[in-house]
Amino acid sequence: MNWPSLRKSNGGPPSSNGRIIEMNNVRKVYDTGKVRVEALRGIDLSVAEGEFVAVVGPSGSGKSTLLNLLGCLDTPTDGRYLLAGDPVADLDRDGLAEIRNRRVGFVFQNFNLLPQLTALENVEMPLLFGGVGGRKRRERARDLLERVGLGDRLEHKPTELSGGQMQRVAVARALAMDPAVILADEPTGNLDTTSGVDVLTLLSELWRQGSTLVVVTHDPALAERAQRVVEIRDGLVVADSRNGSTSH
Amino acid sequence: MTGLGMTLRQLLRDLATQKLRTFLTAFGIVWGTVAVSLLLAFGEGLHRQQTKSMAGLGDRIVIAWPSRTSKAFEGIGRGRRIRLSEADIEFLQARVPGITGISSEYSDNFKVKYGDKVRAVDVSGVSPVFGVMRNMIPQAGGRFIDPIDMEQRRRVVFVGNEIATDLFGKENPVGKEIMMHGSPFLVIGVLKAKDQDSNYSGRDSGKMTIPATTFRALTGQKYMDNFIYKAAHPELNKGLTKLIIAALGRRHHFDPTDDQAVQVWDTTDMFAFFDAFMLGFKVFLGLMGVLTLIVGGIGVSNIMNVVVDERTKEIGIKMALGARQRLILTQFLLETMALTGIGGAIGLGISLAICVGASHLGLQEFVGNPVLSPHVAAFTAGVLGVIGFLAGYFPARDAARLDPVVAMKL
């Protein structure tokens, strides 16, 4: 299976040194004025190109905050973060939007598809924001949906699809702009076992073909498939281990 | 913009799925548009009708009556009667520049007979130019007094439309002979019916007009009752009046500042006053309409706030996928503008239909027929554009400022 690519060569920019994610002492503080919550207390994390990292940890440990920062949905209070070699800590909203569009592909627990749009239009969405023209956009979206096995569901709305199919649309959407990293937040959390295995297989397939994956999960099956498991507790990385059994 | 088609498709889908809300929102705009455009259209119709009626007396002419002096001048006491004759008109034409038309007018009440009908009719003796200046337009098949009538003192008569109906009934008056002041006169034309809201010796529809030369020959009257004149442009009338009074003052030895020696009615004053009045009136009507439209706009803005609330999650998702703030802003702004545009188009359509319908109600003589002029339409469209933009801008800005993390959690 070959994934269609927007870039000519499938690799990060030369300046990234093979490191897709480079976080040093990243802190995130939520300060509402009355309550001050320190969600992340100094995270050091480095993810190389082509790695499959599972981020695990109990609820409230800061996993989601970390994922939001990794995906440039939010900015750190303190610390340094290079995404594919580019510093992103000081970008404005439109700068962050552009990074999200080009460098990051999100897969969410609750799919986050736009309900009024067809599967095809949902996959077109990031391409639309990335300024890809109409014909090329549709062709690429169709290609991607065919690769995730939904070639016969192009004109279906999310409500007409099963959970597993919705998540596969979301994966196709995440791949649309050929991002440097795919960030998944509990991608199997809302799926039955069979569909969950399907999506897991799909993600593993992507990884084998060279994609970089960071997946936040509670699911031991998922963590097992990952090459590397990073454990977060109370806003700090407490363990970082490689799954010896998993091979590339 | 690449995606404009997609945005529009989505918009149409949204509008179609929320039919009731779309209808209620658009209704405020429709109502406001009808209010603005119809009020202005009625204002415009009233203005045109009144202007037309005023023009029935003449198109921005000045009417002057030789009268009595009210100031002593060059050793002559006041109260002296000023009499003007045809020689004075020739003098003015020769000496005062800027007169584009001038005619003396001699008036009397004559006994007129046709068949066995006898009427006492106000008759004026005038020059050919009087017809154009006083908007006395002949019906098809007739004509006004011409220079040859004048030169040869022909006994020809131009009759008002109402007196014509009174005397001739269903007969065609042109070519018929009537007896006036004991002499036979040939009818050469009948006045085309016109609106006339002011006069100085009876409405033209009930009067008869003959050549001034014939009038003088018939009556032996040497001095005119009044004369009318106009300048090339209405705004030059005032200056021309000054020159004419000064010239007459020199010739007849009265003080040029004496406003009683020759009394003047400049009908442009009436037009200027009425134009100013109507401007004020239209501003008032327009303001009423605009306020109604603003209320509609507030309704749209509220609905758009609801829409933004409903779609907060969608906005968050789009932002996560890389939509820039501007794109979110544009999406909601476009949606509001489209909603306003559709409402406005329907409103203008309704107004147009009402305007056409109203012209069949026979209100023309009183308030005129409403006119949906390009000005009115353009003004309404402009106001709609501004209101649509403002109604959409603030909800759209709120949408664009959402935090994607928070928005997606909802």
# chains A, B, ... in the order shown; residues from 1 in each chain; ligands from 1
call {"tool": "residues_around", "arguments": {"residues": "B:Gly341", "least_positions_apart": "5", "cutoff": "8 Å", "atoms": "only C-alpha atoms", "output": "PyMOL selection string"}}
result
chain B and resi 384-385+388
call {"tool": "residues_around", "arguments": {"residues": "B:Leu186", "least_positions_apart": "2", "cutoff": "9 Å", "atoms": "only C-alpha atoms", "output": "VMD selection string"}}
result
chain B and resid 154 to 158 174 to 179 184 188
call {"tool": "interface_residues", "arguments": {"of": "chain A", "to": "chain B", "cutoff": "6 Å", "atoms": "only C-alpha atoms", "output": "list in words"}}
result
Asp94, Ala97, Glu98, Arg100, Asn101, Pro126 and Phe129 of chain A
call {"tool": "select_by_dssp", "arguments": {"residues": "stretch 49-298 of chain B", "states": "strand (DSSP E)", "output": "PyMOL selection string"}}
result
chain B and resi 62-66+101-114+117-126+156-159+177-180+183-190+208-211+226-230+262-266
call {"tool": "residues_around", "arguments": {"residues": "stretch 221-226 of chain A", "least_positions_apart": "2", "cutoff": "10 Å", "atoms": "only C-alpha atoms", "output": "PyMOL selection string"}}
result
chain A and resi 51-56+186-188+196-197+199-201+203-204+207+213-219+228-230+242-243+245-247
call {"tool": "closest_residue", "arguments": {"among": "B:His360, B:Leu402, B:Thr380, B:Leu339", "to": "B:Lys19", "atoms": "only C-alpha atoms"}}
result
B:Leu339
call {"tool": "residues_around", "arguments": {"residues": "A:Val88", "least_positions_apart": "2", "cutoff": "10 Å", "atoms": "only C-alpha atoms", "output": "number ranges by chain"}}
result
A: 69-70, 72, 75-76, 80-86, 90-92, 95-96, 99
call {"tool": "residues_around", "arguments": {"residues": "B:Gly75", "least_positions_apart": "6", "cutoff": "12 Å", "atoms": "only C-alpha atoms", "output": "PyMOL selection string"}}
result
chain B and resi 253-255
call {"tool": "closest_residue", "arguments": {"among": "A:Ala119, A:Leu128, A:Leu183, A:Val237", "to": "A:Leu73", "atoms": "only C-alpha atoms"}}
result
A:Leu183
call {"tool": "residues_around", "arguments": {"residues": "A:Asp44", "least_positions_apart": "4", "cutoff": "9 Å", "atoms": "only C-alpha atoms", "output": "list in words"}}
result
Glu22, Met23, Asn24, Asn25, Val26, Leu236 and Val237 of chain A
call {"tool": "select_by_dssp", "arguments": {"residues": "stretch 115-336 of chain B", "states": "helix (DSSP H, G or I)", "output": "PyMOL selection string"}}
result
chain B and resi 129-133+147-151+161-168+204-206+212-219+234-252+267-310+312-320+325-336
call {"tool": "write_last_selection", "arguments": {"atoms": "C-alpha atoms", "output": "CSV table (one decimal), in the first residue's frame"}}
result
chain,number,residue,atom,x,y,z
B,129,VAL,CA,-43.8,81.8,-26.2
B,130,PHE,CA,-46.3,81.9,-23.4
B,131,GLY,CA,-47.5,78.4,-24.4
B,132,VAL,CA,-44.1,76.8,-23.7
B,133,MET,CA,-43.4,78.8,-20.6
B,147,PRO,CA,-46.1,84.1,-34.6
B,148,ILE,CA,-48.3,84.5,-37.8
B,149,ASP,CA,-51.4,84.6,-35.6
B,150,MET,CA,-49.7,87.3,-33.7
B,151,GLU,CA,-48.5,89.3,-36.6
B,161,ASN,CA,-59.8,71.4,-21.7
B,162,GLU,CA,-62.6,71.7,-19.2
B,163,ILE,CA,-64.3,74.7,-20.8
B,164,ALA,CA,-63.9,72.8,-24.1
B,165,THR,CA,-65.8,69.9,-22.8
B,166,ASP,CA,-68.4,72.2,-21.3
B,167,LEU,CA,-69.0,74.0,-24.6
B,168,PHE,CA,-68.4,71.3,-27.2
B,204,ASP,CA,-55.8,77.1,-17.3
B,205,SER,CA,-58.3,74.3,-17.9
B,206,GLY,CA,-61.1,76.8,-17.7
B,212,ALA,CA,-52.0,89.5,-27.6
B,213,THR,CA,-52.3,91.6,-30.7
B,214,THR,CA,-55.9,90.3,-31.4
B,215,PHE,CA,-56.8,91.0,-27.7
B,216,ARG,CA,-55.6,94.6,-28.0
B,217,ALA,CA,-57.4,95.1,-31.3
B,218,LEU,CA,-60.6,93.6,-29.8
B,219,THR,CA,-60.6,95.6,-26.6
B,234,PRO,CA,-33.9,78.7,-12.6
B,235,GLU,CA,-31.1,79.9,-10.4
B,236,LEU,CA,-30.5,82.9,-12.7
B,237,ASN,CA,-34.1,84.1,-12.3
B,238,LYS,CA,-33.3,86.2,-9.2
B,239,GLY,CA,-30.5,88.1,-10.9
B,240,LEU,CA,-32.6,88.6,-14.0
B,241,THR,CA,-35.5,90.0,-11.9
B,242,LYS,CA,-33.1,92.6,-10.4
B,243,LEU,CA,-32.0,93.7,-13.9
B,244,ILE,CA,-35.5,93.9,-15.2
B,245,ILE,CA,-36.8,95.9,-12.3
B,246,ALA,CA,-33.8,98.2,-12.5
B,247,ALA,CA,-34.3,98.7,-16.3
B,248,LEU,CA,-38.0,99.4,-15.8
B,249,GLY,CA,-37.2,101.7,-12.9
B,250,ARG,CA,-35.0,103.9,-15.1
B,251,ARG,CA,-37.6,103.9,-17.9
B,252,HIS,CA,-40.6,104.7,-15.7
B,267,THR,CA,-42.1,80.5,-8.9
B,268,THR,CA,-38.6,79.1,-8.5
B,269,ASP,CA,-38.9,80.1,-4.9
B,270,MET,CA,-41.8,77.7,-4.6
B,271,PHE,CA,-39.8,74.9,-6.3
B,272,ALA,CA,-36.8,75.6,-4.1
B,273,PHE,CA,-38.9,75.6,-1.0
B,274,PHE,CA,-40.7,72.5,-2.0
B,275,ASP,CA,-37.5,70.7,-2.9
B,276,ALA,CA,-36.0,71.5,0.5
B,277,PHE,CA,-39.2,70.5,2.2
B,278,MET,CA,-39.3,67.2,0.3
B,279,LEU,CA,-35.7,66.5,1.0
B,280,GLY,CA,-36.4,66.9,4.7
B,281,PHE,CA,-39.5,64.8,4.4
B,282,LYS,CA,-37.6,62.1,2.5
B,283,VAL,CA,-34.9,62.1,5.1
B,284,PHE,CA,-37.5,61.6,7.7
B,285,LEU,CA,-39.2,58.8,5.8
B,286,GLY,CA,-35.8,57.2,5.0
B,287,LEU,CA,-34.8,57.4,8.7
B,288,MET,CA,-38.0,55.7,9.8
B,289,GLY,CA,-37.3,52.9,7.3
B,290,VAL,CA,-33.6,52.6,8.2
B,291,LEU,CA,-34.6,52.3,11.9
B,292,THR,CA,-37.0,49.5,11.0
B,293,LEU,CA,-34.2,47.9,9.0
B,294,ILE,CA,-31.8,48.3,11.9
B,295,VAL,CA,-34.2,46.4,14.1
B,296,GLY,CA,-34.2,43.7,11.5
B,297,GLY,CA,-30.5,43.8,11.5
B,298,ILE,CA,-30.3,43.3,15.3
B,299,GLY,CA,-32.5,40.3,14.8
B,300,VAL,CA,-30.1,38.9,12.3
B,301,SER,CA,-27.2,39.6,14.5
B,302,ASN,CA,-28.9,37.7,17.4
B,303,ILE,CA,-29.6,34.8,15.2
B,304,MET,CA,-26.0,34.8,14.0
B,305,ASN,CA,-24.9,34.7,17.7
B,306,VAL,CA,-27.0,31.6,18.2
B,307,VAL,CA,-25.6,30.1,15.0
B,308,VAL,CA,-22.0,30.7,16.2
B,309,ASP,CA,-22.9,29.1,19.6
B,310,GLU,CA,-24.4,26.1,17.8
B,312,THR,CA,-18.7,26.4,18.2
B,313,LYS,CA,-17.6,22.8,17.9
B,314,GLU,CA,-17.5,22.9,14.2
B,315,ILE,CA,-15.4,26.1,14.4
B,316,GLY,CA,-13.0,24.5,16.8
B,317,ILE,CA,-12.6,21.5,14.5
B,318,LYS,CA,-11.9,23.7,11.5
B,319,MET,CA,-9.4,25.7,13.5
B,320,ALA,CA,-7.7,22.5,14.5
B,325,GLN,CA,-9.2,33.3,11.8
B,326,ARG,CA,-10.0,35.2,8.6
B,327,LEU,CA,-11.6,32.2,7.0
B,328,ILE,CA,-13.9,31.7,10.0
B,329,LEU,CA,-14.7,35.4,9.9
B,330,THR,CA,-15.4,35.4,6.2
B,331,GLN,CA,-17.6,32.3,6.5
B,332,PHE,CA,-20.0,33.9,9.0
B,333,LEU,CA,-19.9,37.3,7.4
B,334,LEU,CA,-20.7,35.7,4.0
B,335,GLU,CA,-23.6,33.8,5.6
B,336,THR,CA,-25.0,36.9,7.2
call {"tool": "closest_residue", "arguments": {"among": "B:Leu348, B:Val118, B:Val159, B:Ala193", "to": "B:Phe379", "atoms": "only C-alpha atoms"}}
result
B:Leu348
